>>> print(open('final-v5.cif').read())   # mmCIF, C-alpha atoms
data_my_file
#
loop_
_atom_site.group_PDB
_atom_site.id
_atom_site.type_symbol
_atom_site.label_atom_id
_atom_site.label_comp_id
_atom_site.auth_asym_id
_atom_site.auth_seq_id
_atom_site.Cartn_x
_atom_site.Cartn_y
_atom_site.Cartn_z
ATOM 1 C CA MET A 1 -15.797 31.193 0.912
ATOM 2 C CA LYS A 2 -15.868 29.853 -2.650
ATOM 3 C CA GLU A 3 -13.126 27.313 -1.813
ATOM 4 C CA LYS A 4 -15.243 25.865 0.973
ATOM 5 C CA LYS A 5 -18.243 25.517 -1.350
ATOM 6 C CA ASP A 6 -16.066 23.941 -4.058
ATOM 7 C CA SER A 7 -14.640 21.509 -1.526
ATOM 8 C CA LYS A 8 -18.124 20.472 -0.424
ATOM 9 C CA THR A 9 -19.181 20.041 -4.052
ATOM 10 C CA ILE A 10 -16.159 17.877 -4.846
ATOM 11 C CA THR A 11 -16.700 15.800 -1.703
ATOM 12 C CA TRP A 12 -20.360 15.302 -2.547
ATOM 13 C CA ALA A 13 -19.499 14.321 -6.137
ATOM 14 C CA LEU A 14 -16.913 11.765 -4.982
ATOM 15 C CA GLN A 15 -19.312 10.265 -2.459
ATOM 16 C CA SER A 16 -21.995 10.017 -5.111
ATOM 17 C CA LEU A 17 -19.643 8.362 -7.615
ATOM 18 C CA VAL A 18 -18.377 5.892 -5.016
ATOM 19 C CA HIS A 19 -21.937 5.046 -3.971
ATOM 20 C CA ASN A 20 -23.067 4.468 -7.560
ATOM 21 C CA TYR A 21 -19.969 2.457 -8.507
ATOM 22 C CA ALA A 22 -20.288 0.264 -5.417
ATOM 23 C CA LYS A 23 -23.935 -0.393 -6.184
ATOM 24 C CA GLU A 24 -23.174 -1.186 -9.848
ATOM 25 C CA LYS A 25 -20.288 -3.546 -8.999
ATOM 26 C CA ASN A 26 -22.002 -5.123 -5.987
ATOM 27 C CA MET A 27 -19.272 -3.888 -3.644
ATOM 28 C CA SER A 28 -19.334 -2.008 -0.379
ATOM 29 C CA GLU A 29 -18.493 1.688 -0.438
ATOM 30 C CA ASP A 30 -15.585 0.950 1.907
ATOM 31 C CA GLU A 31 -14.134 -1.486 -0.630
ATOM 32 C CA VAL A 32 -14.329 1.168 -3.337
ATOM 33 C CA TRP A 33 -12.654 3.793 -1.096
ATOM 34 C CA GLU A 34 -9.882 1.331 -0.210
ATOM 35 C CA TYR A 35 -9.311 0.575 -3.889
ATOM 36 C CA LEU A 36 -9.172 4.288 -4.749
ATOM 37 C CA TYR A 37 -6.708 4.914 -1.930
ATOM 38 C CA LYS A 38 -4.458 2.090 -3.087
ATOM 39 C CA GLU A 39 -4.571 3.255 -6.705
ATOM 40 C CA SER A 40 -3.877 6.869 -5.781
ATOM 41 C CA LYS A 41 -0.786 5.825 -3.807
ATOM 42 C CA GLU A 42 0.459 3.918 -6.859
ATOM 43 C CA GLU A 43 -0.140 6.921 -9.135
ATOM 44 C CA LEU A 44 1.771 9.162 -6.709
ATOM 45 C CA ARG A 45 4.727 6.745 -6.800
ATOM 46 C CA LYS A 46 4.715 6.854 -10.594
ATOM 47 C CA LEU A 47 4.707 10.665 -10.577
ATOM 48 C CA GLU A 48 7.569 10.767 -8.085
ATOM 49 C CA LYS A 49 9.626 8.422 -10.282
ATOM 50 C CA LYS A 50 9.010 10.633 -13.318
ATOM 51 C CA LYS A 51 10.046 13.736 -11.381
ATOM 52 C CA ALA A 52 13.193 12.001 -10.089
ATOM 53 C CA ARG A 53 14.271 11.118 -13.641
ATOM 54 C CA LYS A 54 14.118 14.752 -14.803
#
>>> encode(input="final-v5.cif", output="structure tokens")
Amino acid sequence: MKEKKDSKTITWALQSLVHNYAKEKNMSEDEVWEYLYKESKEELRKLEKKKARK
């Protein structure tokens, strides 16, 4: 049960951060989510490269 509550809290926090960032930067929330998705894919690639080198 705690995992479900934590998940909802994390989701709410992310949505709040995205909303505030979009408002501050005069962007749509969708643009912010797309940017985060793109950046997270890049970070995953970097991690995979580091793991492959070891």
>>> atom_distance(input="final-v5.cif", atom1="CA of Trp33 in chain A", atom2="CA of Leu17 in chain A")
10.6 Å
>>> closest_residue(input="final-v5.cif", among="A:Asp6, A:Glu48, A:Glu31, A:Tyr37", to="His19 in chain A", atoms="all atoms listed in the file")
A:Glu31
>>> atom_distance(input="final-v5.cif", atom1="CA of Glu29 in chain A", atom2="CA of Glu43 in chain A")
21.0 Å
>>> atom_distance(input="final-v5.cif", atom1="CA of Leu47 in chain A", atom2="CA of Lys4 in chain A")
27.6 Å
>>> residues_around(input="final-v5.cif", residues="range 20-22 of chain A", least_positions_apart="5", cutoff="12 Å", atoms="only C-alpha atoms", output="JSON, numbers by chain")
{"A": [13, 14, 15, 27, 28, 29, 30, 31, 32, 33, 34, 35, 36]}
>>> write_last_selection(input="final-v5.cif", atoms="C-alpha atoms", output="PDB file, keeping the file's coordinate frame")
ATOM      1  CA  ALA A  13     -19.499  14.321  -6.137  1.00  0.00           C
ATOM      2  CA  LEU A  14     -16.913  11.765  -4.982  1.00  0.00           C
ATOM      3  CA  GLN A  15     -19.312  10.265  -2.459  1.00  0.00           C
ATOM      4  CA  MET A  27     -19.272  -3.888  -3.644  1.00  0.00           C
ATOM      5  CA  SER A  28     -19.334  -2.008  -0.379  1.00  0.00           C
ATOM      6  CA  GLU A  29     -18.493   1.688  -0.438  1.00  0.00           C
ATOM      7  CA  ASP A  30     -15.585   0.950   1.907  1.00  0.00           C
ATOM      8  CA  GLU A  31     -14.134  -1.486  -0.630  1.00  0.00           C
ATOM      9  CA  VAL A  32     -14.329   1.168  -3.337  1.00  0.00           C
ATOM     10  CA  TRP A  33     -12.654   3.793  -1.096  1.00  0.00           C
ATOM     11  CA  GLU A  34      -9.882   1.331  -0.210  1.00  0.00           C
ATOM     12  CA  TYR A  35      -9.311   0.575  -3.889  1.00  0.00           C
ATOM     13  CA  LEU A  36      -9.172   4.288  -4.749  1.00  0.00           C
TER      14      LEU A  36
END
>>> decode(input="final-v5.cif", residues="chain A", atoms="C-alpha atoms", output="PDB file, in the first residue's frame")
ATOM      1  CA  MET A   1       0.000   0.000   0.000  1.00  0.00           C
ATOM      2  CA  LYS A   2       2.846   2.391   0.816  1.00  0.00           C
ATOM      3  CA  GLU A   3       4.319   1.931  -2.689  1.00  0.00           C
ATOM      4  CA  LYS A   4       1.066   3.064  -4.262  1.00  0.00           C
ATOM      5  CA  LYS A   5       0.968   6.174  -2.063  1.00  0.00           C
ATOM      6  CA  ASP A   6       4.632   6.924  -2.821  1.00  0.00           C
ATOM      7  CA  SER A   7       3.966   6.533  -6.531  1.00  0.00           C
ATOM      8  CA  LYS A   8       1.062   8.974  -6.361  1.00  0.00           C
ATOM      9  CA  THR A   9       3.201  11.437  -4.406  1.00  0.00           C
ATOM     10  CA  ILE A  10       6.034  11.231  -6.931  1.00  0.00           C
ATOM     11  CA  THR A  11       3.604  11.614  -9.834  1.00  0.00           C
ATOM     12  CA  TRP A  12       1.985  14.629  -8.206  1.00  0.00           C
ATOM     13  CA  ALA A  13       5.396  16.204  -7.508  1.00  0.00           C
ATOM     14  CA  LEU A  14       6.530  15.722 -11.119  1.00  0.00           C
ATOM     15  CA  GLN A  15       3.305  17.178 -12.478  1.00  0.00           C
ATOM     16  CA  SER A  16       3.643  20.157 -10.175  1.00  0.00           C
ATOM     17  CA  LEU A  17       7.274  20.762 -11.170  1.00  0.00           C
ATOM     18  CA  VAL A  18       6.462  20.469 -14.873  1.00  0.00           C
ATOM     19  CA  HIS A  19       3.525  22.859 -14.499  1.00  0.00           C
ATOM     20  CA  ASN A  20       5.610  25.447 -12.641  1.00  0.00           C
ATOM     21  CA  TYR A  21       8.586  25.158 -15.008  1.00  0.00           C
ATOM     22  CA  ALA A  22       6.353  25.497 -18.066  1.00  0.00           C
ATOM     23  CA  LYS A  23       4.707  28.574 -16.602  1.00  0.00           C
ATOM     24  CA  GLU A  24       8.083  30.122 -15.682  1.00  0.00           C
ATOM     25  CA  LYS A  25       9.612  29.447 -19.122  1.00  0.00           C
ATOM     26  CA  ASN A  26       6.463  30.313 -21.079  1.00  0.00           C
ATOM     27  CA  MET A  27       6.247  26.793 -22.508  1.00  0.00           C
ATOM     28  CA  SER A  28       3.464  24.262 -22.712  1.00  0.00           C
ATOM     29  CA  GLU A  29       3.516  21.359 -20.274  1.00  0.00           C
ATOM     30  CA  ASP A  30       3.694  19.001 -23.259  1.00  0.00           C
ATOM     31  CA  GLU A  31       6.888  20.701 -24.435  1.00  0.00           C
ATOM     32  CA  VAL A  32       8.437  20.235 -21.002  1.00  0.00           C
ATOM     33  CA  TRP A  33       7.430  16.534 -20.882  1.00  0.00           C
ATOM     34  CA  GLU A  34       8.873  15.984 -24.367  1.00  0.00           C
ATOM     35  CA  TYR A  35      12.133  17.636 -23.331  1.00  0.00           C
ATOM     36  CA  LEU A  36      12.344  15.504 -20.176  1.00  0.00           C
ATOM     37  CA  TYR A  37      11.685  12.351 -22.185  1.00  0.00           C
ATOM     38  CA  LYS A  38      14.397  13.217 -24.690  1.00  0.00           C
ATOM     39  CA  GLU A  39      16.902  14.039 -21.949  1.00  0.00           C
ATOM     40  CA  SER A  40      16.128  10.875 -20.004  1.00  0.00           C
ATOM     41  CA  LYS A  41      16.747   8.753 -23.110  1.00  0.00           C
ATOM     42  CA  GLU A  42      20.125  10.456 -23.542  1.00  0.00           C
ATOM     43  CA  GLU A  43      21.041   9.844 -19.890  1.00  0.00           C
ATOM     44  CA  LEU A  44      20.098   6.165 -20.252  1.00  0.00           C
ATOM     45  CA  ARG A  45      22.392   5.873 -23.291  1.00  0.00           C
ATOM     46  CA  LYS A  46      25.246   7.386 -21.298  1.00  0.00           C
ATOM     47  CA  LEU A  47      24.685   4.921 -18.447  1.00  0.00           C
ATOM     48  CA  GLU A  48      24.601   1.988 -20.856  1.00  0.00           C
ATOM     49  CA  LYS A  49      27.909   3.100 -22.396  1.00  0.00           C
ATOM     50  CA  LYS A  50      29.505   3.326 -18.948  1.00  0.00           C
ATOM     51  CA  LYS A  51      28.253  -0.147 -18.041  1.00  0.00           C
ATOM     52  CA  ALA A  52      29.522  -1.577 -21.347  1.00  0.00           C
ATOM     53  CA  ARG A  53      33.027  -0.220 -20.688  1.00  0.00           C
ATOM     54  CA  LYS A  54      33.293  -1.988 -17.314  1.00  0.00           C
TER      55      LYS A  54
END
